[in-house]
file input.txt (compact mmCIF, C-alpha atoms)
# COMPACT_ATOMS: atom_id res chain seq x y z
CA MET A 1 -2.96 20.39 24.78
CA LYS A 2 -6.41 19.64 23.42
CA ARG A 3 -7.08 17.33 26.36
CA ALA A 4 -5.96 19.95 28.84
CA LEU A 5 -8.29 22.46 27.19
CA ILE A 6 -11.22 20.07 27.39
CA ALA A 7 -10.47 19.37 31.04
CA LEU A 8 -10.29 23.10 31.71
CA ALA A 9 -13.59 23.66 29.91
CA LEU A 10 -15.18 20.90 31.99
CA ILE A 11 -14.02 22.54 35.20
CA ALA A 12 -15.39 25.89 34.09
CA ALA A 13 -18.71 24.46 32.83
CA ALA A 14 -21.73 25.14 34.99
CA PRO A 15 -23.66 22.01 35.94
CA ALA A 16 -27.16 21.60 34.49
CA LEU A 17 -29.42 22.36 37.42
CA ALA A 18 -32.21 19.94 38.19
CA ASP A 19 -33.15 21.63 41.45
CA SER A 20 -34.79 24.94 42.18
CA SER A 21 -32.92 27.81 43.76
CA LEU A 22 -35.44 28.22 46.57
CA PRO A 23 -34.49 27.16 50.11
CA PRO A 24 -36.27 24.10 51.58
CA ALA A 25 -39.86 24.63 52.74
CA ALA A 26 -40.36 25.93 56.29
CA LEU A 27 -41.02 22.57 57.98
CA ALA A 28 -38.98 20.36 55.65
CA ASN A 29 -35.98 20.13 57.95
CA THR A 30 -37.30 21.69 61.15
CA GLN A 31 -38.89 19.63 63.90
CA LEU A 32 -42.28 20.56 65.29
CA PRO A 33 -42.11 22.30 68.70
CA ASP A 34 -44.38 19.67 70.27
CA PRO A 35 -42.31 16.46 70.70
CA LYS A 36 -45.44 14.29 70.61
CA GLN A 37 -46.51 15.76 67.26
CA GLU A 38 -42.96 15.49 65.89
CA ALA A 39 -42.84 11.81 66.90
CA ALA A 40 -46.15 11.20 65.09
CA ALA A 41 -44.91 13.08 62.01
CA LYS A 42 -41.60 11.18 62.01
CA ALA A 43 -43.36 7.82 62.37
CA LEU A 44 -45.49 8.66 59.35
CA MET A 45 -42.62 10.08 57.28
CA VAL A 46 -40.52 6.89 57.48
CA THR A 47 -43.45 4.97 55.96
CA LEU A 48 -44.05 7.31 53.01
CA ARG A 49 -42.15 6.84 49.77
CA CYS A 50 -40.33 9.66 48.04
CA LEU A 51 -41.85 10.28 44.59
CA VAL A 52 -38.60 10.76 42.68
CA CYS A 53 -36.02 8.66 44.55
CA GLN A 54 -38.50 5.76 44.84
CA GLY A 55 -36.30 3.55 47.01
CA GLN A 56 -36.21 5.95 49.93
CA SER A 57 -38.71 7.20 52.46
CA ILE A 58 -39.36 10.93 52.55
CA ALA A 59 -37.63 10.99 55.95
CA ASP A 60 -34.40 9.70 54.33
CA SER A 61 -34.45 11.56 51.03
CA ASP A 62 -32.68 14.77 50.17
CA ALA A 63 -34.85 15.40 47.09
CA GLU A 64 -36.66 18.72 47.09
CA ILE A 65 -40.07 17.12 46.63
CA ALA A 66 -39.38 14.88 49.64
CA GLY A 67 -38.67 18.05 51.65
CA ASP A 68 -41.96 19.51 50.46
CA MET A 69 -43.72 16.29 51.44
CA ARG A 70 -42.15 16.40 54.93
CA ALA A 71 -43.33 19.99 55.25
CA LEU A 72 -46.82 18.91 54.18
CA VAL A 73 -46.88 16.08 56.75
CA ARG A 74 -45.66 18.34 59.57
CA ARG A 75 -48.10 21.14 58.63
CA ARG A 76 -51.04 18.76 58.71
CA ILE A 77 -49.95 17.02 61.94
CA GLN A 78 -49.54 20.45 63.52
CA ALA A 79 -53.06 21.34 62.38
CA GLY A 80 -54.29 18.29 64.30
CA GLU A 81 -54.84 15.89 61.41
CA LYS A 82 -54.47 12.15 62.11
CA PRO A 83 -51.42 10.47 60.49
CA GLU A 84 -53.57 7.79 58.84
CA ASP A 85 -55.77 10.49 57.24
CA ILE A 86 -52.66 12.12 55.74
CA ARG A 87 -51.55 8.72 54.42
CA GLN A 88 -55.00 8.22 52.85
CA TRP A 89 -54.84 11.72 51.31
CA LEU A 90 -51.54 10.82 49.61
CA ILE A 91 -52.76 7.35 48.57
CA ALA A 92 -55.79 8.99 46.92
CA ARG A 93 -53.32 10.94 44.76
CA TYR A 94 -50.42 8.59 44.15
CA GLY A 95 -51.88 5.14 44.86
CA ASN A 96 -50.76 2.56 47.43
CA TRP A 97 -47.34 2.90 45.89
CA VAL A 98 -46.62 6.00 48.00
CA SER A 99 -47.08 4.13 51.27
CA TYR A 100 -44.69 1.56 52.73
CA ALA A 101 -47.55 0.08 54.80
CA PRO A 102 -49.32 -2.30 52.41
CA PRO A 103 -53.08 -2.64 53.04
CA VAL A 104 -54.71 -6.08 53.33
CA GLU A 105 -56.51 -6.57 50.01
CA PRO A 106 -56.69 -9.37 47.40
CA VAL A 107 -53.47 -8.26 45.66
CA THR A 108 -51.50 -8.35 48.91
CA TRP A 109 -53.01 -11.54 50.35
CA PRO A 110 -49.93 -13.60 49.36
CA LEU A 111 -47.74 -11.01 51.08
CA TRP A 112 -49.63 -11.26 54.37
CA GLY A 113 -50.48 -14.94 53.98
CA ALA A 114 -47.01 -16.28 53.11
CA PRO A 115 -45.48 -15.84 56.61
CA ILE A 116 -48.46 -17.58 58.22
CA LEU A 117 -48.34 -20.43 55.68
CA LEU A 118 -44.58 -20.83 56.17
CA LEU A 119 -44.98 -20.88 59.96
CA VAL A 120 -47.68 -23.54 59.72
CA ALA A 121 -45.57 -25.60 57.29
CA GLY A 122 -42.53 -25.24 59.57
CA THR A 123 -44.52 -26.37 62.60
CA VAL A 124 -45.82 -29.43 60.74
CA ILE A 125 -42.32 -30.40 59.54
CA ALA A 126 -40.79 -29.82 62.97
CA ARG A 127 -43.49 -31.85 64.68
CA GLY A 128 -43.04 -34.68 62.21
CA SER A 129 -39.30 -34.89 62.65
CA LEU A 130 -39.48 -34.54 66.44
CA LYS A 131 -42.02 -37.38 66.65
CA ARG A 132 -39.77 -39.58 64.57
CA ARG A 133 -36.80 -38.82 66.77
CA ARG A 134 -38.74 -39.67 69.92
CA ARG A 135 -39.74 -43.04 68.47
CA THR A 136 -36.16 -44.13 67.74
CA MET B 137 -44.85 -42.99 47.65
CA ASN B 138 -45.63 -39.66 49.29
CA ARG B 139 -41.95 -39.08 49.93
CA LYS B 140 -41.06 -39.71 46.30
CA ARG B 141 -43.39 -36.95 45.21
CA LEU B 142 -42.10 -34.56 47.88
CA ILE B 143 -38.66 -34.65 46.30
CA TRP B 144 -39.99 -32.49 43.44
CA VAL B 145 -41.22 -29.69 45.70
CA PRO B 146 -37.89 -27.76 45.87
CA LEU B 147 -37.54 -27.91 42.10
CA ILE B 148 -41.07 -26.57 41.62
CA ILE B 149 -40.42 -23.74 44.10
CA PHE B 150 -37.19 -22.95 42.24
CA ALA B 151 -38.98 -22.94 38.88
CA VAL B 152 -41.67 -20.56 40.18
CA LEU B 153 -39.04 -18.18 41.62
CA ALA B 154 -37.01 -18.34 38.39
CA LEU B 155 -40.11 -17.54 36.35
CA VAL B 156 -40.97 -14.56 38.57
CA SER B 157 -37.37 -13.26 38.27
CA ILE B 158 -37.31 -13.67 34.50
CA ILE B 159 -40.59 -11.80 34.11
CA GLY B 160 -39.39 -9.06 36.47
CA LEU B 161 -36.00 -8.73 34.76
CA THR B 162 -37.28 -8.62 31.19
CA ARG B 163 -40.04 -6.11 31.85
CA PRO B 164 -38.62 -2.58 31.46
CA ASN B 165 -38.69 -0.49 34.61
CA ASP B 166 -41.28 2.28 34.42
CA PRO B 167 -40.74 4.83 37.18
CA THR B 168 -43.56 7.20 36.17
CA ILE B 169 -46.15 7.77 38.86
CA ARG B 170 -49.54 8.63 37.41
CA SER B 171 -51.98 10.77 39.29
CA HIS B 172 -54.93 8.81 40.63
CA LEU B 173 -57.14 11.88 40.30
CA ILE B 174 -57.92 11.35 36.60
CA GLY B 175 -61.72 11.48 36.35
CA GLU B 176 -61.96 13.26 39.71
CA ALA B 177 -62.65 16.91 40.41
CA LEU B 178 -59.68 19.24 40.59
CA PRO B 179 -58.75 19.65 44.30
CA ASP B 180 -59.66 23.00 45.86
CA PHE B 181 -56.83 25.48 45.75
CA ALA B 182 -56.17 29.18 45.32
CA LEU B 183 -52.66 30.34 44.49
CA PRO B 184 -51.30 33.88 44.22
CA ALA B 185 -50.14 35.33 40.92
CA SER B 186 -46.54 34.74 39.95
CA GLN B 187 -46.25 37.60 37.44
CA ALA B 188 -47.44 41.17 37.62
CA GLY B 189 -50.22 41.77 35.10
CA LYS B 190 -51.33 38.13 35.06
CA PRO B 191 -53.84 36.68 37.53
CA GLY B 192 -53.15 33.80 39.90
CA LEU B 193 -55.04 30.55 39.72
CA ALA B 194 -57.89 28.94 41.65
CA THR B 195 -60.09 25.89 41.16
CA ALA B 196 -63.05 28.09 40.13
CA ASP B 197 -61.10 29.25 37.04
CA PHE B 198 -61.55 25.75 35.60
CA ARG B 199 -65.34 25.68 35.86
CA GLN B 200 -66.08 28.02 32.97
CA GLY B 201 -67.54 25.44 30.61
CA ARG B 202 -64.50 25.11 28.39
CA PRO B 203 -61.64 22.61 28.70
CA ARG B 204 -58.27 24.10 29.65
CA LEU B 205 -54.72 22.89 29.98
CA LEU B 206 -52.98 23.13 33.33
CA ASN B 207 -49.22 23.15 32.86
CA VAL B 208 -46.98 22.45 35.86
CA PHE B 209 -43.57 23.96 35.12
CA ALA B 210 -40.55 25.74 36.59
CA SER B 211 -37.85 28.04 35.29
CA TRP B 212 -35.17 25.68 36.67
CA CYS B 213 -36.52 22.72 34.71
CA VAL B 214 -34.75 21.99 31.43
CA PRO B 215 -37.48 19.87 29.74
CA CYS B 216 -39.89 22.76 30.45
CA ALA B 217 -37.86 24.88 28.04
CA ALA B 218 -37.96 22.02 25.53
CA GLU B 219 -41.76 21.90 25.53
CA ALA B 220 -42.19 25.69 25.15
CA PRO B 221 -42.57 25.62 21.32
CA GLN B 222 -45.29 22.93 21.60
CA LEU B 223 -47.16 24.96 24.24
CA ARG B 224 -46.94 28.01 21.99
CA GLN B 225 -48.34 25.94 19.12
CA LEU B 226 -51.25 24.81 21.33
CA ALA B 227 -51.91 28.37 22.49
CA GLU B 228 -51.89 29.57 18.86
CA ALA B 229 -54.46 26.86 18.07
CA GLY B 230 -56.71 28.60 20.60
CA VAL B 231 -56.22 26.30 23.59
CA PRO B 232 -56.39 28.19 26.89
CA ILE B 233 -53.38 27.25 29.03
CA ASP B 234 -52.91 28.05 32.72
CA ALA B 235 -49.72 27.37 34.60
CA ILE B 236 -48.40 26.67 38.06
CA ALA B 237 -44.75 27.60 38.64
CA ILE B 238 -43.20 25.18 41.13
CA ARG B 239 -40.59 26.36 43.70
CA ASP B 240 -39.73 29.38 41.61
CA ARG B 241 -38.73 33.00 42.17
CA PRO B 242 -41.07 35.30 40.21
CA ALA B 243 -38.04 37.08 38.72
CA ASP B 244 -36.63 33.75 37.46
CA THR B 245 -40.04 32.83 36.03
CA ALA B 246 -40.17 36.20 34.22
CA ARG B 247 -36.73 35.58 32.71
CA PHE B 248 -37.81 32.10 31.60
CA LEU B 249 -40.98 33.49 29.95
CA ALA B 250 -39.04 36.27 28.22
CA ARG B 251 -36.62 33.71 26.81
CA TYR B 252 -38.94 30.84 25.84
CA GLY B 253 -42.26 32.63 25.31
CA ASP B 254 -45.37 32.98 27.43
CA PRO B 255 -48.38 30.95 26.22
CA TYR B 256 -50.18 31.22 29.57
CA ALA B 257 -53.46 32.92 30.47
CA ARG B 258 -52.74 32.68 34.20
CA ILE B 259 -49.57 31.88 36.11
CA ALA B 260 -49.71 30.82 39.77
CA ASP B 261 -46.88 30.66 42.26
CA ASP B 262 -46.55 27.37 44.20
CA LYS B 263 -43.53 27.93 46.44
CA ASP B 264 -43.74 24.73 48.49
CA SER B 265 -45.19 22.36 45.82
CA SER B 266 -48.35 22.01 47.92
CA VAL B 267 -50.76 22.27 44.98
CA GLN B 268 -48.50 20.04 42.91
CA LEU B 269 -48.81 17.36 45.61
CA ALA B 270 -52.58 17.96 45.83
CA LEU B 271 -52.80 17.24 42.08
CA GLY B 272 -50.95 13.96 42.36
CA SER B 273 -48.14 15.32 40.21
CA SER B 274 -44.64 14.07 40.94
CA GLY B 275 -42.44 16.27 38.81
CA VAL B 276 -42.04 19.02 36.24
CA PRO B 277 -43.17 19.39 33.55
CA GLU B 278 -46.59 17.83 33.68
CA THR B 279 -49.73 18.91 31.83
CA PHE B 280 -53.31 18.19 32.86
CA VAL B 281 -56.39 18.43 30.66
CA ILE B 282 -59.24 19.85 32.78
CA ASP B 283 -62.77 19.83 31.35
CA GLY B 284 -65.26 22.71 31.59
CA LYS B 285 -66.65 21.44 34.91
CA GLY B 286 -63.27 21.30 36.62
CA VAL B 287 -62.75 17.52 36.29
CA ILE B 288 -59.25 16.22 35.50
CA ARG B 289 -59.47 14.27 32.24
CA HIS B 290 -55.91 13.54 31.22
CA GLN B 291 -52.36 13.80 32.53
CA HIS B 292 -49.29 14.14 30.35
CA ILE B 293 -46.06 13.37 32.23
CA GLY B 294 -42.84 14.92 30.98
CA ASP B 295 -42.31 17.47 28.24
CA ILE B 296 -44.81 17.72 25.39
CA ARG B 297 -42.89 16.67 22.27
CA PRO B 298 -44.11 17.64 18.78
CA GLU B 299 -45.51 14.12 18.34
CA ASP B 300 -47.53 14.47 21.58
CA VAL B 301 -49.50 17.53 20.39
CA PRO B 302 -52.21 15.57 18.47
CA GLY B 303 -52.81 13.41 21.55
CA ILE B 304 -53.23 16.49 23.76
CA LEU B 305 -55.60 18.04 21.22
CA SER B 306 -57.73 14.89 21.05
CA ALA B 307 -57.81 14.72 24.87
CA LEU B 308 -59.09 18.33 24.84
CA GLN B 309 -61.65 17.36 22.19
CA ALA B 310 -62.81 14.42 24.31
CA ALA B 311 -63.17 16.74 27.32
CA GLN B 312 -65.58 19.04 25.45

call {"tool": "encode", "arguments": {"input": "input.txt", "output": "C-alpha cells"}}
result
Amino acid sequence: MKRALIALALIAAAPALADSSLPPAALANTQLPDPKQEAAAKALMVTLRCLVCQGQSIADSDAEIAGDMRALVRRRIQAGEKPEDIRQWLIARYGNWVSYAPPVEPVTWPLWGAPILLLVAGTVIARGSLKRRRRT
Amino acid sequence: MNRKRLIWVPLIIFAVLALVSIIGLTRPNDPTIRSHLIGEALPDFALPASQAGKPGLATADFRQGRPRLLNVFASWCVPCAAEAPQLRQLAEAGVPIDAIAIRDRPADTARFLARYGDPYARIADDKDSSVQLALGSSGVPETFVIDGKGVIRHQHIGDIRPEDVPGILSALQAAQ
C-alpha cells in the first residue's frame, strides 16, 4: 500500500525544470535562406563545442544554450561575418576549449607533430625490413 | 647491441601511456568553463528592461566609478532561488547589484522576484542569451564583479553560498 502510494506520488510529481519555458531562438533550428550561408554556418557549427554538454558540437546538441549559440552563428553569418572571425570571438570568451579545431601552438605541437613523427618512423621501419627481405 | 636496447621501447611507451592514464583518471573532472574576459572591459551591450518600474541595462551603467555586481539569473533556475538570501545580504550591505534575466518571460521573472526577493537595481531581459554569450558565461547563476571603469574583475560560477559572501565582498573591495 505504502509502495503504491509512493509510486502514485512519483507519477504525480512535477519534474524539476532545468530549462526555460521560452521557445528556441529564431535561428536555432531554422536554416538560413541562402544555401551558401547555411553551408558556411553548418560547417562552423559542427566545429564548435556546446558549453554544457561538452562532448557534443552545437550542431548536435539539444541544449538550450547550444540553440542560442546556433542562432548567434547564423545571425552573424547572415550579417556577412566570416566564420573564422566568429570562432575567434567565441575563443576570446571561452578559450580554445570551445573550438574543435585546435590551433598550432606550443601546447598542441605534440598533437600536430605525432602523426608526422609516426609516419617518418613507419617509413624508416618499412624501408629497413624491405631492404632486408630483398637481400635474402 | 642496438637491437637489445630496442626491445625496451614498447615497455617505455606503455609506461608513459599508463602514467598519462593514471594522472588523467585520478584528477577530478572539472567541467566549469571560466570566462576569458576577466581583466577585460565589459563587452558593449544594451538590453531592454525586464520589469516595469526598473530600468534595463547597458555597458555605460557600469562606468560610474563604483564597483557593481552583475548577476546572471533566471526564474527557471533552481540554484538562483538558493542564492537569493545571499544576494539580499549583499544588497543590504550596500552593494549595488544589476541583473540579466536569461531566456525568461517578464511575468515569470516578476513571480520569482515576488517569491525570493528583489535585490536588484536594474533588471535586463536577455531572451536569446546573446549577452550571456558575449560575457563568456556558460550557465545560470553566475555573478561578475565589475569595477567602476566597466572592467570585469571576478567571476563567480554557480550559486553564491553563505560561505562565498566574504570572497565576493573582498573581490568588490579589490575592484575599488

call {"tool": "atom_distance", "arguments": {"input": "input.txt", "atom1": "CA of Ala66 in chain A", "atom2": "CA of Gly275 in chain B"}}
result
11.3 Å

call {"tool": "closest_residue", "arguments": {"input": "input.txt", "among": "A:Met1, A:Ala41, A:Val104, A:Ala9", "to": "Ile86 in chain A", "atoms": "all atoms listed in the file"}}
result
A:Ala41

call {"tool": "atom_distance", "arguments": {"input": "input.txt", "atom1": "CA of Thr245 in chain B", "atom2": "CA of Lys190 in chain B"}}
result
12.5 Å

call {"tool": "atom_distance", "arguments": {"input": "input.txt", "atom1": "CA of Asp240 in chain B", "atom2": "CA of Ile58 in chain A"}}
result
21.5 Å

call {"tool": "interface_residues", "arguments": {"input": "input.txt", "of": "chain A", "to": "chain B", "cutoff": "6 Å", "atoms": "all atoms listed in the file", "output": "list in words"}}
result
Ser20, Ala25, Leu51, Asp68, Arg93 and Tyr94 of chain A

call {"tool": "residues_near_point", "arguments": {"input": "input.txt", "point": "(-44.0, 8.1, 60.3)", "cutoff": "10 Å", "atoms": "all atoms listed in the file", "output": "list of chain:residue names"}}
result
A:Glu38, A:Ala39, A:Ala40, A:Ala41, A:Lys42, A:Ala43, A:Leu44, A:Met45, A:Val46, A:Thr47, A:Leu48, A:Ser57, A:Ile58, A:Ala59, A:Val73, A:Pro83, A:Glu84, A:Arg87

call {"tool": "axis_aligned_box", "arguments": {"input": "input.txt", "around": "range 250-263 of chain B", "padding_each_side": "6 Å", "output": "lines of an AutoDock Vina configuration file"}}
result
center_x = -45.0
center_y = 31.8
center_z = 35.9
size_x = 28.8
size_y = 20.9
size_z = 33.1

call {"tool": "residues_around", "arguments": {"input": "input.txt", "residues": "range 291-302 of chain B", "least_positions_apart": "5", "cutoff": "6 Å", "atoms": "only C-alpha atoms", "output": "number ranges by chain"}}
result
B: 215, 219, 277-280

call {"tool": "closest_residue", "arguments": {"input": "input.txt", "among": "B:Ile304, B:Ala177, B:Val276, B:Ala246", "to": "Gly189 in chain B", "atoms": "all atoms listed in the file"}}
result
B:Ala246

call {"tool": "closest_residue", "arguments": {"input": "input.txt", "among": "B:Asp262, B:Glu228, B:Asp197, B:Asp254", "to": "Leu178 in chain B", "atoms": "only C-alpha atoms"}}
result
B:Asp197

call {"tool": "decode", "arguments": {"input": "input.txt", "residues": "range 46-85 of chain A", "atoms": "N, CA and C atoms", "output": "mmCIF file, in the first residue's frame"}}
result
data_model
loop_
_atom_site.group_PDB
_atom_site.id
_atom_site.type_symbol
_atom_site.label_atom_id
_atom_site.label_comp_id
_atom_site.auth_asym_id
_atom_site.auth_seq_id
_atom_site.Cartn_x
_atom_site.Cartn_y
_atom_site.Cartn_z
ATOM 1 N N VAL A 46 29.526 22.585 -36.609
ATOM 2 C CA VAL A 46 29.990 21.237 -36.231
ATOM 3 C C VAL A 46 31.378 21.288 -35.600
ATOM 4 N N THR A 47 32.053 22.437 -35.658
ATOM 5 C CA THR A 47 33.386 22.519 -35.046
ATOM 6 C C THR A 47 33.385 23.400 -33.798
ATOM 7 N N LEU A 48 32.181 23.720 -33.274
ATOM 8 C CA LEU A 48 32.109 24.486 -32.032
ATOM 9 C C LEU A 48 31.503 23.599 -30.945
ATOM 10 N N ARG A 49 32.074 23.670 -29.756
ATOM 11 C CA ARG A 49 31.660 22.786 -28.681
ATOM 12 C C ARG A 49 30.539 23.413 -27.866
ATOM 13 N N CYS A 50 29.564 22.578 -27.538
ATOM 14 C CA CYS A 50 28.471 23.035 -26.678
ATOM 15 C C CYS A 50 29.025 23.269 -25.273
ATOM 16 N N LEU A 51 28.572 24.358 -24.617
ATOM 17 C CA LEU A 51 29.157 24.751 -23.333
ATOM 18 C C LEU A 51 28.729 23.856 -22.181
ATOM 19 N N VAL A 52 27.534 23.272 -22.276
ATOM 20 C CA VAL A 52 27.044 22.481 -21.146
ATOM 21 C C VAL A 52 27.118 20.985 -21.393
ATOM 22 N N CYS A 53 27.040 20.544 -22.658
ATOM 23 C CA CYS A 53 27.063 19.098 -22.906
ATOM 24 C C CYS A 53 28.499 18.637 -23.112
ATOM 25 N N GLN A 54 29.373 19.532 -23.548
ATOM 26 C CA GLN A 54 30.825 19.379 -23.542
ATOM 27 C C GLN A 54 31.372 18.275 -24.424
ATOM 28 N N GLY A 55 30.619 17.229 -24.711
ATOM 29 C CA GLY A 55 31.132 16.222 -25.633
ATOM 30 C C GLY A 55 30.523 16.378 -27.016
ATOM 31 N N GLN A 56 29.617 17.332 -27.161
ATOM 32 C CA GLN A 56 28.888 17.468 -28.418
ATOM 33 C C GLN A 56 29.184 18.819 -29.068
ATOM 34 N N SER A 57 29.037 18.843 -30.387
ATOM 35 C CA SER A 57 29.122 20.131 -31.072
ATOM 36 C C SER A 57 27.772 20.835 -30.917
ATOM 37 N N ILE A 58 27.753 22.135 -31.167
ATOM 38 C CA ILE A 58 26.483 22.846 -31.018
ATOM 39 C C ILE A 58 25.498 22.421 -32.113
ATOM 40 N N ALA A 59 26.020 21.852 -33.207
ATOM 41 C CA ALA A 59 25.122 21.369 -34.262
ATOM 42 C C ALA A 59 24.374 20.118 -33.791
ATOM 43 N N ASP A 60 25.002 19.329 -32.899
ATOM 44 C CA ASP A 60 24.418 18.057 -32.457
ATOM 45 C C ASP A 60 23.586 18.188 -31.199
ATOM 46 N N SER A 61 23.793 19.262 -30.436
ATOM 47 C CA SER A 61 23.241 19.307 -29.090
ATOM 48 C C SER A 61 21.822 19.863 -29.055
ATOM 49 N N ASP A 62 21.044 19.307 -28.142
ATOM 50 C CA ASP A 62 19.688 19.795 -27.925
ATOM 51 C C ASP A 62 19.620 20.796 -26.777
ATOM 52 N N ALA A 63 20.737 21.092 -26.132
ATOM 53 C CA ALA A 63 20.722 22.031 -25.006
ATOM 54 C C ALA A 63 20.279 23.411 -25.485
ATOM 55 N N GLU A 64 19.610 24.124 -24.591
ATOM 56 C CA GLU A 64 19.100 25.451 -24.975
ATOM 57 C C GLU A 64 20.232 26.392 -25.356
ATOM 58 N N ILE A 65 21.334 26.340 -24.598
ATOM 59 C CA ILE A 65 22.422 27.278 -24.877
ATOM 60 C C ILE A 65 23.066 26.944 -26.220
ATOM 61 N N ALA A 66 23.045 25.661 -26.608
ATOM 62 C CA ALA A 66 23.561 25.290 -27.931
ATOM 63 C C ALA A 66 22.667 25.898 -29.013
ATOM 64 N N GLY A 67 21.342 25.875 -28.773
ATOM 65 C CA GLY A 67 20.415 26.511 -29.711
ATOM 66 C C GLY A 67 20.694 27.996 -29.833
ATOM 67 N N ASP A 68 20.951 28.636 -28.693
ATOM 68 C CA ASP A 68 21.260 30.073 -28.715
ATOM 69 C C ASP A 68 22.585 30.336 -29.426
ATOM 70 N N MET A 69 23.526 29.403 -29.304
ATOM 71 C CA MET A 69 24.812 29.566 -29.998
ATOM 72 C C MET A 69 24.640 29.364 -31.496
ATOM 73 N N ARG A 70 23.768 28.417 -31.895
ATOM 74 C CA ARG A 70 23.497 28.243 -33.335
ATOM 75 C C ARG A 70 22.860 29.503 -33.897
ATOM 76 N N ALA A 71 21.925 30.066 -33.127
ATOM 77 C CA ALA A 71 21.261 31.293 -33.575
ATOM 78 C C ALA A 71 22.281 32.414 -33.730
ATOM 79 N N LEU A 72 23.221 32.485 -32.778
ATOM 80 C CA LEU A 72 24.265 33.519 -32.837
ATOM 81 C C LEU A 72 25.134 33.331 -34.088
ATOM 82 N N VAL A 73 25.532 32.079 -34.359
ATOM 83 C CA VAL A 73 26.360 31.802 -35.540
ATOM 84 C C VAL A 73 25.605 32.192 -36.807
ATOM 85 N N ARG A 74 24.329 31.765 -36.917
ATOM 86 C CA ARG A 74 23.576 32.054 -38.145
ATOM 87 C C ARG A 74 23.348 33.549 -38.303
ATOM 88 N N ARG A 75 23.024 34.252 -37.188
ATOM 89 C CA ARG A 75 22.825 35.705 -37.262
ATOM 90 C C ARG A 75 24.058 36.399 -37.805
ATOM 91 N N ARG A 76 25.223 35.992 -37.301
ATOM 92 C CA ARG A 76 26.456 36.671 -37.693
ATOM 93 C C ARG A 76 26.862 36.316 -39.114
ATOM 94 N N ILE A 77 26.642 35.052 -39.510
ATOM 95 C CA ILE A 77 26.941 34.661 -40.904
ATOM 96 C C ILE A 77 26.031 35.448 -41.842
ATOM 97 N N GLN A 78 24.760 35.567 -41.445
ATOM 98 C CA GLN A 78 23.794 36.292 -42.276
ATOM 99 C C GLN A 78 24.204 37.761 -42.414
ATOM 100 N N ALA A 79 24.803 38.303 -41.339
ATOM 101 C CA ALA A 79 25.233 39.703 -41.378
ATOM 102 C C ALA A 79 26.538 39.859 -42.161
ATOM 103 N N GLY A 80 27.075 38.746 -42.686
ATOM 104 C CA GLY A 80 28.249 38.829 -43.540
ATOM 105 C C GLY A 80 29.569 38.602 -42.822
ATOM 106 N N GLU A 81 29.508 38.177 -41.552
ATOM 107 C CA GLU A 81 30.755 37.962 -40.829
ATOM 108 C C GLU A 81 31.423 36.663 -41.294
ATOM 109 N N LYS A 82 32.756 36.638 -41.261
ATOM 110 C CA LYS A 82 33.495 35.436 -41.682
ATOM 111 C C LYS A 82 33.438 34.386 -40.574
ATOM 112 N N PRO A 83 33.290 33.093 -40.935
ATOM 113 C CA PRO A 83 33.207 32.040 -39.915
ATOM 114 C C PRO A 83 34.393 32.064 -38.951
ATOM 115 N N GLU A 84 35.608 32.289 -39.464
ATOM 116 C CA GLU A 84 36.771 32.255 -38.569
ATOM 117 C C GLU A 84 36.741 33.406 -37.559
ATOM 118 N N ASP A 85 36.134 34.550 -37.957
ATOM 119 C CA ASP A 85 36.019 35.673 -37.016
ATOM 120 C C ASP A 85 35.053 35.318 -35.884
#
